[in-house]
file data.cif (mmCIF, C-alpha atoms)
data_input
#
loop_
_atom_site.label_atom_id
_atom_site.label_comp_id
_atom_site.auth_asym_id
_atom_site.auth_seq_id
_atom_site.Cartn_x
_atom_site.Cartn_y
_atom_site.Cartn_z
CA MET A 1 0.00 0.00 0.00
CA ASN A 2 2.88 2.35 0.85
CA ASP A 3 4.52 1.51 -2.47
CA ASP A 4 1.23 2.39 -4.14
CA ARG A 5 1.16 5.74 -2.34
CA THR A 6 4.71 6.59 -3.35
CA LEU A 7 4.12 5.57 -6.94
CA VAL A 8 0.82 7.45 -7.21
CA SER A 9 2.24 10.64 -5.70
CA LYS A 10 5.18 10.50 -8.13
CA VAL A 11 2.83 10.10 -11.09
CA LEU A 12 0.62 12.93 -9.86
CA SER A 13 3.65 15.19 -9.61
CA GLY A 14 4.25 14.57 -13.32
CA ASP A 15 6.90 11.83 -13.19
CA MET A 16 6.23 9.87 -16.39
CA GLN A 17 8.89 7.30 -15.53
CA ALA A 18 6.80 6.46 -12.45
CA PHE A 19 3.75 6.03 -14.68
CA ARG A 20 5.74 3.66 -16.91
CA GLU A 21 6.51 1.70 -13.76
CA LEU A 22 2.84 1.68 -12.77
CA ILE A 23 1.92 0.33 -16.21
CA LYS A 24 4.59 -2.38 -16.00
CA HIS A 25 3.29 -3.44 -12.57
CA HIS A 26 -0.31 -3.74 -13.68
CA GLU A 27 -0.28 -4.53 -17.41
CA ARG A 28 -0.58 -8.26 -16.80
CA LEU A 29 -3.63 -7.78 -14.59
CA VAL A 30 -5.32 -5.59 -17.22
CA LEU A 31 -4.33 -7.95 -20.02
CA HIS A 32 -5.69 -10.96 -18.13
CA MET A 33 -8.97 -9.17 -17.48
CA ILE A 34 -9.44 -7.81 -20.99
CA GLY A 35 -7.73 -10.66 -22.86
CA ARG A 36 -10.02 -13.37 -21.50
CA LEU A 37 -13.11 -11.29 -22.25
CA VAL A 38 -12.18 -9.68 -25.60
CA LYS A 39 -10.75 -12.21 -28.00
CA ASN A 40 -9.73 -9.92 -30.88
CA ARG A 41 -6.03 -9.15 -30.29
CA GLU A 42 -6.07 -5.62 -31.73
CA GLU A 43 -9.22 -4.65 -29.86
CA CYS A 44 -7.76 -6.14 -26.71
CA GLU A 45 -4.56 -4.09 -26.97
CA GLU A 46 -6.52 -0.94 -27.80
CA LEU A 47 -8.75 -1.47 -24.77
CA CYS A 48 -5.72 -2.05 -22.52
CA GLN A 49 -4.33 1.29 -23.72
CA ASP A 50 -7.65 3.01 -23.07
CA VAL A 51 -7.71 1.56 -19.56
CA PHE A 52 -4.29 3.03 -18.73
CA LEU A 53 -5.16 6.39 -20.29
CA ARG A 54 -8.21 6.43 -18.05
CA VAL A 55 -6.09 5.42 -15.05
CA TYR A 56 -3.82 8.38 -15.75
CA ASP A 57 -6.75 10.79 -16.06
CA LYS A 58 -8.47 9.57 -12.91
CA LEU A 59 -5.47 8.83 -10.70
CA GLY A 60 -6.05 12.06 -8.76
CA ASP A 61 -9.43 10.68 -7.66
CA PHE A 62 -7.95 7.45 -6.26
CA ASN A 63 -8.40 7.63 -2.49
CA PHE A 64 -6.54 4.47 -1.35
CA GLN A 65 -9.74 2.89 0.00
CA SER A 66 -8.68 -0.23 -1.89
CA ARG A 67 -5.44 -1.54 -3.35
CA LEU A 68 -4.31 0.23 -6.51
CA SER A 69 -4.56 -3.07 -8.42
CA THR A 70 -8.21 -3.48 -7.35
CA TRP A 71 -8.99 0.03 -8.55
CA ILE A 72 -7.26 -0.56 -11.90
CA ALA A 73 -9.07 -3.90 -12.29
CA THR A 74 -12.37 -2.06 -11.70
CA ILE A 75 -11.62 0.27 -14.60
CA ALA A 76 -10.58 -2.66 -16.81
CA TYR A 77 -13.78 -4.57 -15.97
CA ARG A 78 -15.97 -1.56 -16.80
CA TYR A 79 -14.15 -0.99 -20.08
CA ALA A 80 -14.62 -4.63 -21.07
CA ILE A 81 -18.34 -4.56 -20.24
CA ASN A 82 -18.81 -1.23 -22.07
CA HIS A 83 -16.95 -2.65 -25.06
CA PHE A 84 -19.45 -5.48 -25.26
CA LYS A 85 -22.37 -3.07 -24.96
CA LYS A 86 -20.96 -0.57 -27.46
CA LYS A 87 -20.15 -3.21 -30.05
CA LYS A 88 -23.50 -4.83 -29.35
CA ILE A 89 -21.70 -8.13 -28.93
CA GLU A 90 -24.03 -10.73 -27.61
CA TRP A 91 -22.96 -12.53 -24.51
CA ASN A 92 -24.47 -15.53 -22.87
CA GLU A 93 -27.13 -14.64 -20.36
CA LEU A 94 -26.66 -15.64 -16.78
CA PRO A 95 -28.25 -18.99 -16.09
CA GLU A 96 -30.31 -17.89 -13.11
CA HIS A 97 -32.41 -21.04 -13.04
CA GLU A 98 -31.30 -24.59 -12.69
CA SER A 99 -32.91 -25.40 -16.05
CA SER A 100 -30.72 -22.93 -17.97
CA ALA A 101 -27.64 -24.09 -16.06
CA LYS A 102 -28.56 -27.59 -17.14
CA SER A 103 -28.75 -26.44 -20.75
CA PHE A 104 -25.10 -25.33 -20.55
CA THR A 105 -23.96 -28.73 -19.37
CA GLU A 106 -26.11 -30.53 -21.91
CA PHE A 107 -25.43 -28.39 -24.97
CA GLU A 108 -23.80 -30.05 -27.94
CA THR A 109 -20.07 -29.50 -27.62
CA PRO A 110 -18.72 -27.81 -30.79
CA GLU A 111 -16.61 -30.16 -32.90
CA SER A 112 -13.47 -28.05 -32.54
CA LEU A 113 -13.89 -28.18 -28.79
CA ALA A 114 -14.68 -31.87 -28.64
CA GLU A 115 -11.45 -32.62 -30.50
CA GLU A 116 -9.35 -30.64 -28.04
CA LYS A 117 -6.83 -33.06 -26.61
CA ASP A 118 -5.35 -30.73 -24.03
CA LEU A 119 -7.71 -30.76 -21.07
CA ASP A 120 -6.55 -27.34 -19.83
CA GLN A 121 -7.36 -25.84 -23.22
CA TYR A 122 -10.68 -27.67 -23.29
CA VAL A 123 -11.65 -26.14 -19.95
CA LEU A 124 -10.46 -22.67 -20.99
CA LYS A 125 -12.51 -22.87 -24.18
CA LEU A 126 -15.51 -23.82 -22.08
CA VAL A 127 -14.82 -20.78 -19.92
CA ASP A 128 -15.12 -18.66 -23.07
CA LEU A 129 -18.65 -19.98 -23.51
CA LEU A 130 -19.70 -18.89 -20.03
CA PRO A 131 -21.56 -15.62 -19.36
CA ILE A 132 -19.18 -12.66 -19.13
CA GLN A 133 -19.85 -12.10 -15.40
CA TYR A 134 -18.89 -15.72 -14.65
CA LYS A 135 -15.73 -15.40 -16.73
CA ALA A 136 -14.73 -12.19 -14.97
CA VAL A 137 -15.13 -13.54 -11.45
CA LEU A 138 -13.28 -16.75 -12.33
CA ILE A 139 -10.31 -14.81 -13.76
CA LEU A 140 -10.12 -12.48 -10.78
CA TYR A 141 -10.35 -15.34 -8.29
CA HIS A 142 -8.18 -17.99 -9.91
CA VAL A 143 -5.69 -16.04 -12.04
CA GLU A 144 -5.35 -12.84 -10.03
CA GLY A 145 -5.87 -14.44 -6.62
CA MET A 146 -8.35 -11.80 -5.43
CA ASN A 147 -10.71 -12.55 -2.55
CA TYR A 148 -14.52 -12.30 -2.72
CA SER A 149 -14.59 -8.81 -1.28
CA GLU A 150 -12.01 -7.48 -3.77
CA ILE A 151 -13.91 -9.07 -6.66
CA ALA A 152 -17.11 -7.49 -5.35
CA THR A 153 -15.38 -4.08 -5.44
CA VAL A 154 -14.15 -4.64 -9.00
CA THR A 155 -17.43 -5.90 -10.43
CA GLY A 156 -19.87 -3.95 -8.26
CA MET A 157 -21.64 -7.20 -7.30
CA PRO A 158 -22.48 -8.09 -3.69
CA ASP A 159 -20.02 -10.50 -1.99
CA GLY A 160 -22.64 -13.24 -1.89
CA THR A 161 -23.29 -12.97 -5.63
CA VAL A 162 -19.57 -13.23 -6.37
CA LYS A 163 -19.29 -16.35 -4.23
CA ASN A 164 -22.38 -17.82 -5.86
CA TYR A 165 -21.17 -17.09 -9.42
CA ILE A 166 -17.76 -18.67 -8.76
CA PHE A 167 -19.37 -21.73 -7.29
CA ARG A 168 -21.90 -22.10 -10.10
CA ALA A 169 -19.38 -21.49 -12.86
CA ARG A 170 -17.08 -24.17 -11.45
CA THR A 171 -19.98 -26.58 -11.10
CA LEU A 172 -20.97 -26.05 -14.76
CA LEU A 173 -17.39 -26.63 -15.87
CA LYS A 174 -17.07 -29.71 -13.69
CA GLU A 175 -20.16 -31.27 -15.29
CA LYS A 176 -18.74 -30.75 -18.79
CA VAL A 177 -15.33 -32.10 -17.79
CA LYS A 178 -16.98 -35.14 -16.24
CA LYS A 179 -18.71 -35.84 -19.56
CA TYR A 180 -15.44 -35.29 -21.44
CA LEU A 181 -13.57 -37.68 -19.16
CA GLY A 182 -16.35 -40.24 -19.49
CA LYS A 183 -16.05 -40.07 -23.29
CA GLU A 184 -12.27 -40.51 -23.10
CA GLU A 185 -12.66 -43.66 -21.04
CA LEU A 186 -14.99 -45.11 -23.68
CA LEU A 187 -12.39 -44.59 -26.44
CA MET B 1 -26.12 -24.02 -3.87
CA ASN B 2 -25.55 -27.73 -3.76
CA SER B 3 -23.86 -28.18 -0.37
CA GLN B 4 -22.13 -31.38 -1.43
CA ASP B 5 -20.52 -29.64 -4.42
CA GLU B 6 -19.70 -26.62 -2.28
CA GLU B 7 -17.88 -28.75 0.27
CA LEU B 8 -16.05 -30.59 -2.48
CA GLN B 9 -14.92 -27.35 -4.12
CA LYS B 10 -13.62 -26.06 -0.78
CA LYS B 11 -11.82 -29.33 -0.12
CA ILE B 12 -10.15 -29.43 -3.54
CA GLU B 13 -9.09 -25.82 -3.26
CA ARG B 14 -7.08 -26.81 -0.20
CA TRP B 15 -5.43 -29.81 -1.90
CA GLN B 16 -1.82 -29.16 -2.64
CA GLU B 17 -1.30 -32.01 -5.08
CA PHE B 18 -3.27 -33.50 -7.93
CA ASN B 19 -4.90 -36.80 -6.95
CA PRO B 20 -5.52 -38.93 -10.06
CA ASP B 21 -7.34 -41.59 -8.03
CA ALA B 22 -10.05 -39.24 -6.79
CA GLU B 23 -13.69 -39.98 -7.51
CA ASP B 24 -15.40 -38.67 -10.67
CA ASP B 25 -16.58 -35.32 -9.29
CA ALA B 26 -13.39 -34.65 -7.36
CA LEU B 27 -11.26 -35.60 -10.37
CA ALA B 28 -13.26 -33.33 -12.69
CA TYR B 29 -12.99 -30.45 -10.20
CA GLN B 30 -9.23 -30.94 -10.01
CA TYR B 31 -8.94 -30.57 -13.79
CA VAL B 32 -11.16 -27.48 -13.68
CA PHE B 33 -9.11 -25.83 -10.91
CA LYS B 34 -5.85 -26.70 -12.64
CA ALA B 35 -6.98 -25.15 -15.94
CA LEU B 36 -8.40 -22.05 -14.29
CA ARG B 37 -5.02 -21.30 -12.72
CA VAL B 38 -3.31 -21.31 -16.14
CA LYS B 39 -2.01 -17.81 -16.84
CA PRO B 40 -2.84 -16.44 -20.29
CA THR B 41 0.16 -16.70 -22.60
CA HIS B 42 -0.46 -13.68 -24.82
CA GLN B 43 1.53 -10.58 -23.97
CA LEU B 44 1.44 -6.90 -24.69
CA PRO B 45 4.19 -5.43 -26.89
CA GLU B 46 7.49 -4.49 -25.23
CA ASP B 47 6.92 -0.79 -25.90
CA PHE B 48 3.36 -0.79 -24.55
CA ALA B 49 4.13 1.58 -21.64
CA ASP B 50 6.15 3.89 -23.91
CA LYS B 51 3.24 4.12 -26.37
CA ILE B 52 0.85 5.18 -23.62
CA VAL B 53 3.27 7.73 -22.17
CA LYS B 54 3.81 9.12 -25.68
CA ALA B 55 0.05 9.40 -26.22
CA ILE B 56 -0.36 11.23 -22.88
CA GLU B 57 2.48 13.61 -23.66
CA GLY B 58 1.03 14.28 -27.12
CA LYS B 59 -2.35 14.98 -25.56
CA LYS B 60 -0.78 17.32 -23.02
CA SER B 61 1.13 19.30 -25.65
CA ARG B 62 -2.04 19.69 -27.75
CA ALA B 63 -3.95 20.88 -24.69
CA PHE B 64 -1.12 23.32 -23.99
CA ALA B 65 -1.32 24.60 -27.57
CA LYS B 66 -5.01 25.31 -27.06
CA VAL B 67 -4.35 27.61 -24.09
CA PRO B 68 -4.89 31.21 -25.30
CA ASP B 69 -1.54 32.76 -25.92
CA HIS B 70 -1.01 36.29 -24.61
CA THR B 71 0.90 37.13 -27.77
CA SER B 72 -2.46 37.23 -29.56
CA LEU B 73 -3.36 40.23 -27.40
CA VAL B 74 -0.33 42.01 -28.84
CA ALA B 75 -0.80 40.63 -32.35
CA ILE B 76 -4.23 42.17 -32.88
CA PRO B 77 -3.18 45.82 -32.30
CA VAL B 78 0.03 45.20 -34.29
CA CYS B 79 -2.04 43.93 -37.25
CA ALA B 80 -4.33 46.97 -36.97
CA ILE B 81 -1.32 49.31 -37.00
CA ILE B 82 0.18 47.52 -40.03
CA LEU B 83 -3.16 47.85 -41.84
CA ILE B 84 -3.39 51.58 -41.13
CA VAL B 85 0.23 52.12 -42.23
CA ALA B 86 -0.36 50.12 -45.43
CA VAL B 87 -3.56 52.01 -46.28
CA THR B 88 -1.91 55.36 -45.61
CA ALA B 89 1.31 54.53 -47.44
CA THR B 90 -0.46 53.26 -50.57
CA GLY B 91 -3.00 56.08 -50.58
CA TYR B 92 -5.77 53.49 -50.94
CA ASP B 93 -9.30 54.77 -51.54
CA PHE B 94 -12.00 52.57 -49.98
CA ASN B 95 -14.68 54.31 -52.00
CA TRP B 96 -17.06 54.27 -49.00
CA SER B 97 -19.83 56.04 -50.87
CA SER B 98 -20.27 53.11 -53.26
CA ILE B 99 -20.63 50.43 -50.54
CA LYS B 100 -24.30 49.79 -49.96
CA LEU B 101 -26.09 47.02 -48.22
CA PHE B 102 -28.68 44.67 -49.70
CA SER B 103 -29.56 44.13 -53.27
CA TYR B 104 -31.97 46.91 -54.07
CA PHE B 105 -29.03 49.27 -53.95
CA ASP B 106 -26.40 49.23 -56.59
CA VAL B 107 -23.66 47.21 -54.90
CA ASN B 108 -20.15 48.31 -55.57
CA TRP B 109 -17.58 46.64 -53.35
CA GLY B 110 -14.76 48.93 -54.37
CA PHE B 111 -11.47 47.05 -54.07
CA LEU B 112 -13.26 43.67 -53.95
CA LYS B 113 -14.82 44.30 -57.34
CA SER B 114 -11.71 43.22 -59.21
CA ILE B 115 -11.76 39.75 -57.63
CA SER B 116 -15.54 39.26 -57.82
CA PRO B 117 -15.41 37.06 -60.99
CA TYR B 118 -13.41 34.51 -58.97
CA GLN B 119 -15.75 34.29 -55.97
CA GLY B 120 -16.28 30.53 -56.58
CA VAL B 121 -12.56 29.93 -56.13
CA PHE B 122 -12.49 31.91 -52.88
CA ILE B 123 -15.55 30.12 -51.46
CA PHE B 124 -14.03 26.76 -52.42
CA GLY B 125 -10.75 27.76 -50.74
CA ILE B 126 -12.45 28.67 -47.46
CA VAL B 127 -14.60 25.50 -47.40
CA PHE B 128 -11.55 23.37 -48.26
CA ILE B 129 -9.49 24.83 -45.42
CA ILE B 130 -12.31 24.31 -42.91
CA LEU B 131 -12.82 20.71 -44.07
CA LEU B 132 -9.09 20.04 -43.89
CA ASN B 133 -9.05 21.22 -40.29
CA VAL B 134 -12.07 19.10 -39.38
CA VAL B 135 -10.51 15.98 -40.94
CA ASP B 136 -7.18 16.70 -39.27
CA LYS B 137 -8.76 17.07 -35.83
CA THR B 138 -11.20 14.18 -35.99
CA LEU B 139 -9.24 11.54 -37.85
CA ILE B 140 -5.53 12.16 -38.11
CA ARG B 141 -4.77 13.56 -34.66
CA ARG B 142 -7.02 11.03 -32.90
CA LYS B 143 -4.96 8.12 -34.17
CA ASP B 144 -1.94 8.83 -32.02
CA ILE B 145 -4.07 8.98 -28.85
CA ILE B 146 -5.13 5.37 -29.30
#
call {"tool": "encode", "arguments": {"input": "data.cif", "output": "structure tokens"}}
result
Amino acid sequence: MNDDRTLVSKVLSGDMQAFRELIKHHERLVLHMIGRLVKNREECEELCQDVFLRVYDKLGDFNFQSRLSTWIATIAYRYAINHFKKKKIEWNELPEHESSAKSFTEFETPESLAEEKDLDQYVLKLVDLLPIQYKAVLILYHVEGMNYSEIATVTGMPDGTVKNYIFRARTLLKEKVKKYLGKEELL
Amino acid sequence: MNSQDEELQKKIERWQEFNPDAEDDALAYQYVFKALRVKPTHQLPEDFADKIVKAIEGKKSRAFAKVPDHTSLVAIPVCAIILIVAVTATGYDFNWSSIKLFSYFDVNWGFLKSISPYQGVFIFGIVFIILLNVVDKTLIRRKDII
């Protein structure tokens, strides 16, 4: 937190080298957030740039109520969601009911996915098929190692919803993997 | 929430090592957790931070250029003086009496009369310069911000 304070005050005093350092510290976090949600490489890089330009513009408003990384992740999350809305890209709706959750586990696996031999890649491709809110919470929890409360700050969801989404997303993935493993045993 | 699945997820999260002999659900969860921890491989370009800093500095210098310059306060009276000197030195006659407004009067624009056959060229020139500025501001300059 103290490092954050030093870095932020340097940037605010106009030290661009300090801002370079800030970017270097957080570019992976932003890339992980945006990269898993926006698949087009150019659009992804452009969005990452926009996120850091926004960070620079708004850094004076950062009040150290959270970690700097949490605050930057919040901006990245909002940019990704806005990108989807602006481009009118359809995303999978949240399966609020058990029946729609069931439809995810029972849907016909695309051929390209079914032929995936690497199980990690198979799971990650399944993650891409999940609703954007599920994807976001999974990335923040498993890749970035954030806790429920930090994820709630980033996404603006209540803690309980975050916990619920992580649990449900993992359950959906588990069901598909179970089917995949069952198929492998038959071969 | 299915409490059995919830407990299983919590348990597997605590496991340090992969257990290939686990039961179906536990095994599937292990694969899911393992894959979810995989860090994305794609990276941003080496000069990513430099590009952003450059864009910010470019933006700052443009904003600075927009700040009204006090030299313009001096420039206006200087231009007026130059105009007066030029008019006096050349003995130019504005022919005020012939300048009338609106069409029912006989319009005689004095010194502008000699260029009046080329008014199309002048109008085109003004429109072209305005368009060029609009294109420059909206398209060309925006590119280096991104």
call {"tool": "closest_atom_pairs", "arguments": {"input": "data.cif", "of": "chain A", "to": "chain B", "cutoff": "10 Å", "atoms": "all atoms listed in the file", "output": "tab-separated table"}}
result
residue	atom	partner	partner_atom	distance
A:Met16	CA	B:Val53	CA	6.8
A:Gln17	CA	B:Val53	CA	8.7
A:Phe19	CA	B:Val53	CA	7.7
A:Arg20	CA	B:Ala49	CA	5.4
A:Glu21	CA	B:Ala49	CA	8.2
A:Leu22	CA	B:Ala49	CA	9.0
A:Ile23	CA	B:Ala49	CA	6.0
A:Lys24	CA	B:Ala49	CA	6.9
A:Glu27	CA	B:Leu44	CA	7.8
A:Arg28	CA	B:Gln43	CA	7.8
A:Leu31	CA	B:Leu44	CA	7.5
A:His32	CA	B:Pro40	CA	6.5
A:Met33	CA	B:Pro40	CA	9.9
A:Gly35	CA	B:Pro40	CA	8.0
A:Arg36	CA	B:Pro40	CA	7.9
A:Arg41	CA	B:His42	CA	9.0
A:Cys44	CA	B:Leu44	CA	9.4
A:Glu45	CA	B:Leu44	CA	7.0
A:Glu46	CA	B:Ile146	CA	6.6
A:Leu47	CA	B:Ile146	CA	9.0
A:Cys48	CA	B:Leu44	CA	8.9
A:Gln49	CA	B:Ile52	CA	6.5
A:Asp50	CA	B:Ile146	CA	7.1
A:Phe52	CA	B:Ile52	CA	7.4
A:Leu53	CA	B:Ile52	CA	7.0
A:Tyr56	CA	B:Ile56	CA	8.4
A:Asp57	CA	B:Ile56	CA	9.4
A:Asp118	CA	B:Ala35	CA	10.0
A:Leu119	CA	B:Tyr31	CA	7.4
A:Asp120	CA	B:Ala35	CA	4.5
A:Gln121	CA	B:Ala35	CA	7.3
A:Tyr122	CA	B:Ala35	CA	8.6
A:Val123	CA	B:Ala35	CA	6.2
A:Leu124	CA	B:Ala35	CA	6.6
A:Val127	CA	B:Leu36	CA	8.6
A:Leu138	CA	B:Leu36	CA	7.5
A:Ile139	CA	B:Leu36	CA	7.5
A:Tyr141	CA	B:Arg37	CA	9.1
A:His142	CA	B:Arg37	CA	5.4
A:Val143	CA	B:Arg37	CA	5.3
A:Glu144	CA	B:Arg37	CA	8.9
A:Gly145	CA	B:Arg37	CA	9.2
A:Asn164	CA	B:Met1	CA	7.5
A:Phe167	CA	B:Glu6	CA	7.0
A:Arg168	CA	B:Met1	CA	7.8
A:Arg170	CA	B:Val32	CA	7.1
A:Thr171	CA	B:Asp5	CA	7.4
A:Leu172	CA	B:Val32	CA	10.0
A:Leu173	CA	B:Val32	CA	6.7
A:Lys174	CA	B:Ala28	CA	5.3
A:Glu175	CA	B:Ala28	CA	7.7
A:Lys176	CA	B:Ala28	CA	8.6
A:Val177	CA	B:Ala28	CA	5.6
A:Lys178	CA	B:Ala28	CA	5.5
A:Lys179	CA	B:Ala28	CA	9.1
A:Tyr180	CA	B:Ala28	CA	9.2
A:Leu181	CA	B:Ala28	CA	7.8
A:Gly182	CA	B:Asp24	CA	9.0
call {"tool": "atom_distance", "arguments": {"input": "data.cif", "atom1": "atom CA of Leu131 of chain B", "atom2": "atom CA of Lys86 of chain A"}}
result
28.2 Å
call {"tool": "atom_distance", "arguments": {"input": "data.cif", "atom1": "atom CA of Ala169 of chain A", "atom2": "atom CA of Asn147 of chain A"}}
result
16.2 Å
call {"tool": "closest_residue", "arguments": {"input": "data.cif", "among": "A:Val11, A:Val55, A:Leu68, A:Ala73", "to": "Val30 of chain A", "atoms": "all atoms listed in the file"}}
result
A:Ala73
call {"tool": "resolve_selection", "arguments": {"input": "data.cif", "expression": "the PyMOL selection byres ((chain A and resi 78) around 12)", "output": "number ranges by chain"}}
result
A: 30, 33-34, 37, 47-48, 50-51, 54, 71-77, 79-86, 132-133, 136, 153-156
call {"tool": "write_last_selection", "arguments": {"input": "data.cif", "atoms": "C-alpha atoms", "output": "PDB file, in the frame of the given file"}}
result
ATOM      1  CA  VAL A  30      -5.320  -5.590 -17.220  1.00  0.00           C
ATOM      2  CA  MET A  33      -8.970  -9.170 -17.480  1.00  0.00           C
ATOM      3  CA  ILE A  34      -9.440  -7.810 -20.990  1.00  0.00           C
ATOM      4  CA  LEU A  37     -13.110 -11.290 -22.250  1.00  0.00           C
ATOM      5  CA  LEU A  47      -8.750  -1.470 -24.770  1.00  0.00           C
ATOM      6  CA  CYS A  48      -5.720  -2.050 -22.520  1.00  0.00           C
ATOM      7  CA  ASP A  50      -7.650   3.010 -23.070  1.00  0.00           C
ATOM      8  CA  VAL A  51      -7.710   1.560 -19.560  1.00  0.00           C
ATOM      9  CA  ARG A  54      -8.210   6.430 -18.050  1.00  0.00           C
ATOM     10  CA  TRP A  71      -8.990   0.030  -8.550  1.00  0.00           C
ATOM     11  CA  ILE A  72      -7.260  -0.560 -11.900  1.00  0.00           C
ATOM     12  CA  ALA A  73      -9.070  -3.900 -12.290  1.00  0.00           C
ATOM     13  CA  THR A  74     -12.370  -2.060 -11.700  1.00  0.00           C
ATOM     14  CA  ILE A  75     -11.620   0.270 -14.600  1.00  0.00           C
ATOM     15  CA  ALA A  76     -10.580  -2.660 -16.810  1.00  0.00           C
ATOM     16  CA  TYR A  77     -13.780  -4.570 -15.970  1.00  0.00           C
ATOM     17  CA  TYR A  79     -14.150  -0.990 -20.080  1.00  0.00           C
ATOM     18  CA  ALA A  80     -14.620  -4.630 -21.070  1.00  0.00           C
ATOM     19  CA  ILE A  81     -18.340  -4.560 -20.240  1.00  0.00           C
ATOM     20  CA  ASN A  82     -18.810  -1.230 -22.070  1.00  0.00           C
ATOM     21  CA  HIS A  83     -16.950  -2.650 -25.060  1.00  0.00           C
ATOM     22  CA  PHE A  84     -19.450  -5.480 -25.260  1.00  0.00           C
ATOM     23  CA  LYS A  85     -22.370  -3.070 -24.960  1.00  0.00           C
ATOM     24  CA  LYS A  86     -20.960  -0.570 -27.460  1.00  0.00           C
ATOM     25  CA  ILE A 132     -19.180 -12.660 -19.130  1.00  0.00           C
ATOM     26  CA  GLN A 133     -19.850 -12.100 -15.400  1.00  0.00           C
ATOM     27  CA  ALA A 136     -14.730 -12.190 -14.970  1.00  0.00           C
ATOM     28  CA  THR A 153     -15.380  -4.080  -5.440  1.00  0.00           C
ATOM     29  CA  VAL A 154     -14.150  -4.640  -9.000  1.00  0.00           C
ATOM     30  CA  THR A 155     -17.430  -5.900 -10.430  1.00  0.00           C
ATOM     31  CA  GLY A 156     -19.870  -3.950  -8.260  1.00  0.00           C
TER      32      GLY A 156
END
call {"tool": "atom_distance", "arguments": {"input": "data.cif", "atom1": "atom CA of Leu29 of chain A", "atom2": "atom CA of Thr70 of chain A"}}
result
9.6 Å
